[in-house]
file input-v6.txt (compact mmCIF, C-alpha atoms and all ligand atoms)
# COMPACT_ATOMS: atom_id res chain seq x y z
CA MET A 1 0.00 0.00 0.00
CA SER A 2 1.42 3.41 -0.94
CA ARG A 3 2.13 5.75 1.93
CA ASP A 4 0.66 9.21 2.31
CA LYS A 5 2.95 11.91 0.97
CA VAL A 6 3.49 14.93 3.19
CA PHE A 7 5.45 18.11 2.58
CA ALA A 8 6.80 20.18 5.47
CA THR A 9 7.71 23.66 4.29
CA ARG A 10 10.60 23.97 6.77
CA GLN A 11 12.96 21.93 8.89
CA LEU A 12 11.43 20.72 12.17
CA PRO A 13 13.13 19.28 15.26
CA SER A 14 14.60 15.85 14.48
CA ALA A 15 12.41 14.02 17.04
CA THR A 16 9.30 15.42 15.34
CA LEU A 17 10.58 14.47 11.90
CA GLU A 18 11.27 10.91 13.06
CA ARG A 19 7.78 10.57 14.46
CA LEU A 20 6.23 11.96 11.28
CA SER A 21 8.29 9.65 9.10
CA ALA A 22 6.73 6.64 10.80
CA HIS A 23 3.33 7.77 9.49
CA CYS A 24 4.02 9.05 6.01
CA GLU A 25 6.47 9.62 3.23
CA LEU A 26 7.83 12.94 4.35
CA GLU A 27 9.58 15.57 2.28
CA VAL A 28 11.10 18.49 4.15
CA TRP A 29 12.08 21.82 2.60
CA GLU A 30 15.69 22.19 3.69
CA ASP A 31 16.37 25.85 2.85
CA PHE A 32 16.45 28.56 5.48
CA MET A 33 14.10 30.61 3.29
CA PRO A 34 10.56 29.32 2.70
CA PRO A 35 9.60 27.66 -0.58
CA ASP A 36 7.97 29.91 -3.15
CA TYR A 37 4.24 29.57 -3.57
CA GLU A 38 4.83 27.95 -6.99
CA VAL A 39 6.98 25.25 -5.38
CA ILE A 40 4.17 24.23 -3.03
CA LEU A 41 1.70 24.49 -5.91
CA ARG A 42 3.76 22.06 -7.98
CA LYS A 43 4.07 19.55 -5.14
CA VAL A 44 0.58 19.67 -3.70
CA GLY A 45 -0.96 17.46 -6.40
CA GLN A 46 0.90 14.49 -4.88
CA LEU A 47 0.20 15.32 -1.25
CA SER A 48 -2.11 13.96 1.41
CA GLY A 49 -0.80 16.35 4.03
CA LEU A 50 0.91 19.69 4.30
CA ILE A 51 2.79 21.17 7.26
CA SER A 52 2.86 24.90 6.68
CA LEU A 53 4.26 27.93 8.47
CA LEU A 54 2.87 31.42 8.81
CA THR A 55 5.10 32.47 5.90
CA ASP A 56 3.26 30.15 3.47
CA ARG A 57 0.17 31.39 1.65
CA ILE A 58 -2.28 28.52 1.48
CA ASP A 59 -5.20 29.60 -0.70
CA ALA A 60 -8.05 28.13 -2.73
CA GLN A 61 -5.92 27.74 -5.87
CA LEU A 62 -3.40 25.68 -3.95
CA MET A 63 -6.11 23.52 -2.38
CA ASP A 64 -7.66 22.90 -5.80
CA ALA A 65 -4.28 21.77 -7.07
CA GLY A 66 -4.17 19.19 -4.24
CA PRO A 67 -7.36 17.15 -4.50
CA GLY A 68 -5.82 14.46 -2.26
CA LEU A 69 -5.13 16.84 0.64
CA LYS A 70 -6.53 15.35 3.84
CA VAL A 71 -5.06 17.88 6.25
CA ILE A 72 -3.25 21.21 6.46
CA SER A 73 -1.31 21.58 9.67
CA ASN A 74 -0.04 25.10 10.39
CA MET A 75 2.82 25.36 12.88
CA ALA A 76 1.48 28.55 14.46
CA VAL A 77 -1.45 29.60 16.56
CA GLY A 78 -2.33 32.29 13.99
CA TYR A 79 -3.68 31.10 10.66
CA ASP A 80 -4.29 34.27 8.68
CA ASN A 81 -1.96 32.78 6.01
CA ILE A 82 -4.60 30.12 5.28
CA ASP A 83 -7.90 30.66 3.49
CA VAL A 84 -9.97 28.76 6.03
CA ALA A 85 -13.24 29.45 4.19
CA ALA A 86 -11.75 27.76 1.13
CA ALA A 87 -10.64 24.81 3.29
CA ASN A 88 -14.18 24.55 4.68
CA GLU A 89 -15.67 24.47 1.19
CA ARG A 90 -13.33 21.62 0.28
CA GLY A 91 -13.76 19.76 3.57
CA ILE A 92 -10.08 20.04 4.51
CA PRO A 93 -9.35 20.26 8.23
CA VAL A 94 -6.80 22.90 9.25
CA GLY A 95 -4.75 22.52 12.42
CA ASN A 96 -2.94 25.16 14.49
CA THR A 97 -0.87 25.18 17.69
CA PRO A 98 -2.73 27.10 20.40
CA GLY A 99 -1.85 27.11 24.08
CA VAL A 100 1.77 26.00 24.06
CA LEU A 101 3.08 29.41 23.05
CA THR A 102 0.85 31.51 25.29
CA GLU A 103 3.23 32.15 28.17
CA THR A 104 6.31 32.44 25.96
CA THR A 105 4.59 35.02 23.78
CA ALA A 106 3.31 36.97 26.77
CA ASP A 107 6.82 36.92 28.28
CA PHE A 108 8.10 38.54 25.12
CA ALA A 109 5.28 41.08 24.91
CA PHE A 110 6.08 42.11 28.48
CA ALA A 111 9.79 42.16 27.68
CA LEU A 112 9.13 44.54 24.77
CA LEU A 113 6.99 46.70 27.04
CA MET A 114 9.77 46.92 29.61
CA ALA A 115 12.48 47.45 27.01
CA VAL A 116 10.74 50.43 25.40
CA ALA A 117 9.55 51.90 28.71
CA ARG A 118 13.05 51.79 30.18
CA ARG A 119 14.82 52.47 26.88
CA ILE A 120 17.08 49.43 27.09
CA PRO A 121 18.05 49.27 23.37
CA GLU A 122 18.87 53.00 23.45
CA ALA A 123 21.04 52.41 26.52
CA LYS A 124 23.11 49.87 24.63
CA GLN A 125 23.51 52.25 21.67
CA TYR A 126 24.46 55.04 24.07
CA ILE A 127 27.34 53.04 25.46
CA GLN A 128 28.44 51.76 22.07
CA ALA A 129 28.53 55.35 20.80
CA GLY A 130 30.96 56.23 23.63
CA LYS A 131 28.45 58.60 25.27
CA TRP A 132 28.60 57.18 28.82
CA ARG A 133 30.88 59.68 30.48
CA THR A 134 29.19 60.08 33.85
CA TRP A 135 26.06 59.36 35.90
CA HIS A 136 23.56 62.04 35.03
CA PRO A 137 20.17 62.74 36.64
CA THR A 138 18.20 62.79 33.39
CA VAL A 139 20.07 60.61 30.93
CA LEU A 140 17.92 57.89 29.38
CA SER A 141 15.06 58.47 31.79
CA GLY A 142 12.14 56.28 30.85
CA GLN A 143 8.63 55.61 32.06
CA ASP A 144 7.55 53.64 35.13
CA ILE A 145 5.86 50.33 34.56
CA TYR A 146 4.90 49.61 38.14
CA GLY A 147 1.50 51.14 38.84
CA ALA A 148 0.93 52.29 35.24
CA THR A 149 -2.19 51.56 33.20
CA LEU A 150 -2.02 48.72 30.71
CA GLY A 151 -4.60 48.50 27.94
CA ILE A 152 -5.03 45.03 26.48
CA VAL A 153 -6.76 44.83 23.12
CA GLY A 154 -8.00 41.28 22.59
CA CYS A 155 -8.15 39.14 25.69
CA GLY A 156 -7.79 35.56 24.55
CA ARG A 157 -5.13 33.24 25.92
CA ILE A 158 -2.18 35.57 25.33
CA GLY A 159 -4.03 38.71 26.41
CA LYS A 160 -4.94 37.00 29.69
CA ALA A 161 -1.34 35.87 30.19
CA MET A 162 -0.31 39.48 29.71
CA ALA A 163 -2.86 40.50 32.35
CA ARG A 164 -1.30 38.04 34.83
CA ARG A 165 2.09 39.64 34.30
CA ALA A 166 0.60 43.12 34.74
CA ALA A 167 -0.85 42.09 38.11
CA GLY A 168 2.69 41.47 39.38
CA PHE A 169 3.51 45.07 38.50
CA ASN A 170 0.44 46.43 40.23
CA MET A 171 -0.82 47.82 36.94
CA ARG A 172 -4.32 49.11 36.39
CA LEU A 173 -5.83 46.97 33.67
CA LEU A 174 -8.18 48.13 30.92
CA VAL A 175 -9.40 45.56 28.43
CA ASN A 176 -11.14 45.85 25.10
CA SER A 177 -12.30 42.45 23.94
CA LEU A 178 -15.25 40.24 23.14
CA GLU A 179 -15.17 38.58 26.58
CA ASP A 180 -17.90 39.68 28.94
CA ALA A 181 -17.25 42.17 31.73
CA ASP A 182 -17.36 39.48 34.46
CA GLU A 183 -14.63 37.49 32.79
CA ILE A 184 -12.52 40.64 32.49
CA SER A 185 -13.06 41.60 36.12
CA ALA A 186 -12.06 38.04 37.13
CA ILE A 187 -8.59 38.80 35.76
CA GLY A 188 -8.50 42.17 37.51
CA GLY A 189 -9.47 44.36 34.57
CA ASP A 190 -12.21 46.71 33.49
CA LYS A 191 -13.91 46.11 30.18
CA VAL A 192 -13.87 49.38 28.22
CA SER A 193 -14.36 50.66 24.69
CA LEU A 194 -11.32 50.81 22.43
CA ASP A 195 -11.53 54.60 22.52
CA GLU A 196 -11.45 54.74 26.33
CA LEU A 197 -8.61 52.24 26.45
CA LEU A 198 -6.54 54.28 24.00
CA ARG A 199 -7.18 57.54 25.86
CA GLU A 200 -6.37 56.19 29.32
CA SER A 201 -3.60 53.64 28.88
CA ASP A 202 0.11 54.20 29.42
CA PHE A 203 0.78 51.00 27.47
CA VAL A 204 -1.44 49.52 24.78
CA SER A 205 -0.70 45.88 24.00
CA LEU A 206 -2.35 44.18 21.01
CA HIS A 207 -3.50 40.55 21.19
CA VAL A 208 -6.12 40.20 18.46
CA PRO A 209 -5.88 37.88 15.46
CA LEU A 210 -5.56 39.47 12.04
CA THR A 211 -8.94 39.40 10.30
CA ASP A 212 -10.84 41.72 7.96
CA ASP A 213 -12.18 43.42 11.10
CA THR A 214 -8.80 43.97 12.77
CA TYR A 215 -6.79 45.01 9.69
CA HIS A 216 -5.30 48.44 10.56
CA LEU A 217 -7.37 48.51 13.74
CA ILE A 218 -4.76 50.94 15.04
CA GLY A 219 -4.46 53.76 12.53
CA LYS A 220 -4.10 57.53 12.50
CA ASP A 221 -7.20 58.28 14.62
CA GLU A 222 -6.47 55.59 17.19
CA LEU A 223 -2.86 56.73 17.60
CA ALA A 224 -4.04 60.32 17.92
CA ALA A 225 -6.34 59.23 20.74
CA MET A 226 -3.41 57.80 22.73
CA LYS A 227 -1.55 59.87 25.32
CA PRO A 228 1.72 61.49 24.16
CA SER A 229 3.44 59.58 26.98
CA SER A 230 1.99 56.22 25.95
CA MET A 231 3.55 53.21 24.24
CA LEU A 232 2.23 50.67 21.76
CA ILE A 233 3.24 47.00 21.92
CA ASN A 234 2.36 44.68 19.05
CA THR A 235 3.04 40.95 19.24
CA ALA A 236 -0.13 40.03 17.33
CA ARG A 237 0.19 40.59 13.58
CA GLY A 238 1.77 43.49 11.72
CA GLY A 239 -1.40 44.14 9.74
CA VAL A 240 -3.26 45.16 12.90
CA VAL A 241 -1.37 48.47 12.86
CA ASP A 242 -1.15 50.96 9.98
CA PRO A 243 2.66 51.33 9.73
CA ALA A 244 2.61 54.71 7.97
CA ALA A 245 0.36 56.16 10.66
CA LEU A 246 2.54 54.64 13.37
CA TYR A 247 5.66 56.16 11.87
CA GLU A 248 4.09 59.62 11.85
CA ALA A 249 2.75 59.25 15.39
CA LEU A 250 6.19 58.23 16.69
CA ARG A 251 8.01 60.88 14.69
CA ASP A 252 5.64 63.66 15.73
CA GLY A 253 5.52 62.66 19.40
CA GLU A 254 1.84 61.72 19.35
CA ILE A 255 2.90 58.63 21.25
CA LEU A 256 6.18 58.08 23.06
CA ALA A 257 7.42 54.74 21.76
CA ALA A 258 6.53 51.41 20.21
CA GLY A 259 7.73 47.84 20.58
CA LEU A 260 6.90 45.63 17.61
CA ASP A 261 7.53 41.94 17.18
CA VAL A 262 5.44 41.90 14.01
CA THR A 263 5.43 44.24 11.05
CA GLU A 264 3.66 44.84 7.78
CA PRO A 265 5.21 43.50 5.65
CA GLU A 266 7.46 40.84 7.13
CA PRO A 267 10.36 41.02 7.03
CA ILE A 268 10.39 44.78 7.41
CA ALA A 269 12.38 46.51 4.64
CA LEU A 270 15.74 47.83 5.79
CA ASP A 271 14.78 51.29 4.52
CA ASP A 272 11.44 51.27 6.35
CA PRO A 273 11.19 54.62 8.16
CA LEU A 274 10.17 52.88 11.39
CA LEU A 275 13.71 51.50 11.64
CA SER A 276 15.13 55.01 11.60
CA LEU A 277 13.41 55.92 14.87
CA ASP A 278 15.11 55.58 18.26
CA ASN A 279 11.70 55.25 19.89
CA CYS A 280 10.68 52.20 17.86
CA LEU A 281 12.03 48.80 18.85
CA VAL A 282 11.47 46.15 16.20
CA ALA A 283 12.05 42.41 16.66
CA PRO A 284 11.87 39.79 13.87
CA HIS A 285 8.64 37.97 14.92
CA ILE A 286 10.26 35.96 17.71
CA ALA A 287 7.75 36.22 20.55
CA SER A 288 7.17 32.46 20.61
CA ALA A 289 10.81 31.67 19.99
CA SER A 290 11.96 29.73 23.02
CA VAL A 291 13.60 26.40 22.31
CA ALA A 292 11.02 24.52 24.37
CA THR A 293 8.00 26.28 22.89
CA ARG A 294 9.06 25.92 19.28
CA SER A 295 9.59 22.18 19.88
CA LYS A 296 6.12 21.90 21.40
CA MET A 297 4.62 23.77 18.44
CA ALA A 298 6.29 21.32 16.04
CA GLU A 299 4.96 18.38 18.06
CA MET A 300 1.43 19.79 17.98
CA ALA A 301 1.68 20.33 14.25
CA ALA A 302 2.76 16.69 13.92
CA ASP A 303 -0.16 15.53 16.11
CA ASN A 304 -2.61 17.37 13.86
CA LEU A 305 -0.99 16.06 10.71
CA ILE A 306 -0.98 12.44 11.88
CA ALA A 307 -4.61 12.60 13.01
CA GLY A 308 -5.62 14.18 9.71
CA LEU A 309 -3.91 11.49 7.65
CA ALA A 310 -5.72 8.85 9.69
CA GLY A 311 -9.05 10.56 9.06
CA GLN A 312 -9.41 11.38 12.75
CA PRO A 313 -10.43 14.78 14.17
CA LEU A 314 -7.40 17.05 14.59
CA PRO A 315 -6.55 17.62 18.29
CA THR A 316 -6.47 21.37 17.62
CA CYS A 317 -8.59 22.18 14.61
CA VAL A 318 -9.46 25.73 13.53
CA ASN A 319 -12.39 24.59 11.39
CA PRO A 320 -14.14 21.72 13.22
CA GLU A 321 -17.19 22.52 11.10
CA VAL A 322 -15.64 20.35 8.35
CA TYR A 323 -16.53 17.25 10.37
C1 LIG B 401 1.88 32.25 15.87
O1 LIG B 401 2.01 31.07 16.23
O2 LIG B 401 0.88 32.65 15.29
C2 LIG B 401 2.95 33.18 16.23
O3 LIG B 401 2.84 34.40 15.61
C3 LIG B 401 4.31 32.58 15.96
O4 LIG B 401 5.20 33.25 16.77

call {"tool": "encode", "arguments": {"input": "input-v6.txt", "output": "structure tokens"}}
result
Amino acid sequence: MSRDKVFATRQLPSATLERLSAHCELEVWEDFMPPDYEVILRKVGQLSGLISLLTDRIDAQLMDAGPGLKVISNMAVGYDNIDVAAANERGIPVGNTPGVLTETTADFAFALLMAVARRIPEAKQYIQAGKWRTWHPTVLSGQDIYGATLGIVGCGRIGKAMARRAAGFNMRLLVNSLEDADEISAIGGDKVSLDELLRESDFVSLHVPLTDDTYHLIGKDELAAMKPSSMLINTARGGVVDPAALYEALRDGEILAAGLDVTEPEPIALDDPLLSLDNCLVAPHIASASVATRSKMAEMAADNLIAGLAGQPLPTCVNPEVY
């Protein structure tokens, strides 16, 4: 009996690859850079399963070219790279990796918050530029985190993990999300409108998925509503923030600083004006990048893939309606 063919669009930990190989004929894309869309398109006709990353566009055309596809397993919690409606129409289950990256991502969101508030990257540049000549009362003064107001936009798993960290810093918590007010008060927050959150928060941290509704959720008007002393943290998706509006707001002092783990587009162009600003810290989409968490994500992606090949429900399925 011929074995199911599976393509993984990037190298995975060796233990995960070994496990997968016991269930299918596995081809792994070995390059550091992702395969082009056309490469996946050419291969998909032979495939029963696909392990994709957030860098791979998986659309209706690609699904139509793979009539044998039993499962698409995305090694990410976010799945805005996949046309889930198209997968639904074709009855293809799509897996993701929720939960395992929650705390790691929230750690990084809080790290970004602290780094921009206390100007840590600027401090390193200051020393490297030979400017540290004495202790000075005002040099590199930042903003206090302890006791400040944190606005969380989107209070799913990662937003709630962020709220837990804020509690340790005695922060006042404002939340704009779909959860009801009781659930928000159970985590020590007040449910407020986005407008109130933007006006009152010292830090605004974004934790919504990228959808048609959240695309450029934070634009010119929203940034103008924020306090001049406030900071924006984005570990969600770059498309949630209008980058041109953010650049102007940072340049013109409408807000004080930003910490971004995600950009639009990714990777950010080296000549992107945001990179020219001292008050904008940009990281290369690494919030979930701890060794342990990335291994767990790969294992979850393998669990979904193996279940899908066997015709069983995926342990973490984004479109259970296909069953
Ligand atoms: C995800 O899993 O969606 C994250 O963005 C990866 O860090």

call {"tool": "residues_near_ligand", "arguments": {"input": "input-v6.txt", "ligand": "ligand LIG 401 (chain B)", "cutoff": "6 Å", "atoms": "all atoms listed in the file", "output": "ChimeraX atom specification"}}
result
/A:76-78,286-288

call {"tool": "closest_residue", "arguments": {"input": "input-v6.txt", "among": "A:Ser276, A:Gln11, A:Gln61, A:Asn234", "to": "A:Thr105", "atoms": "only C-alpha atoms"}}
result
A:Asn234

call {"tool": "closest_residue", "arguments": {"input": "input-v6.txt", "among": "A:Val153, A:Leu17, A:Leu112, A:Cys317", "to": "A:Ile72", "atoms": "all atoms listed in the file"}}
result
A:Cys317

call {"tool": "atom_distance", "arguments": {"input": "input-v6.txt", "atom1": "atom CA of A:Asn279", "atom2": "atom CA of A:Leu256"}}
result
7.0 Å

call {"tool": "closest_atom_pairs", "arguments": {"input": "input-v6.txt", "of": "stretch 283-317 of chain A", "to": "stretch 89-104 of chain A", "cutoff": "9 Å", "atoms": "all atoms listed in the file", "output": "Markdown table"}}
result
| residue | atom | partner | partner_atom | distance |
| --- | --- | --- | --- | --- |
| A:Ala287 | CA | A:Thr104 | CA | 6.8 |
| A:Ser288 | CA | A:Thr104 | CA | 5.4 |
| A:Ala289 | CA | A:Thr104 | CA | 7.5 |
| A:Ser290 | CA | A:Thr104 | CA | 6.9 |
| A:Thr293 | CA | A:Leu101 | CA | 5.8 |
| A:Arg294 | CA | A:Leu101 | CA | 7.9 |
| A:Lys296 | CA | A:Val100 | CA | 6.5 |
| A:Met297 | CA | A:Thr97 | CA | 5.7 |
| A:Ala298 | CA | A:Thr97 | CA | 8.3 |
| A:Glu299 | CA | A:Thr97 | CA | 9.0 |
| A:Met300 | CA | A:Thr97 | CA | 5.9 |
| A:Ala301 | CA | A:Thr97 | CA | 6.5 |
| A:Asn304 | CA | A:Gly95 | CA | 5.8 |
| A:Leu305 | CA | A:Gly95 | CA | 7.7 |
| A:Gly308 | CA | A:Pro93 | CA | 7.3 |
| A:Pro313 | CA | A:Pro93 | CA | 8.2 |
| A:Leu314 | CA | A:Gly95 | CA | 6.5 |
| A:Pro315 | CA | A:Gly95 | CA | 7.9 |
| A:Thr316 | CA | A:Gly95 | CA | 5.6 |
| A:Cys317 | CA | A:Gly95 | CA | 4.4 |

call {"tool": "residues_around", "arguments": {"input": "input-v6.txt", "residues": "A:Val204", "least_positions_apart": "4", "cutoff": "9 Å", "atoms": "all atoms listed in the file", "output": "MDAnalysis selection string"}}
result
chainID A and resid 149:153 197:198 226 230:234
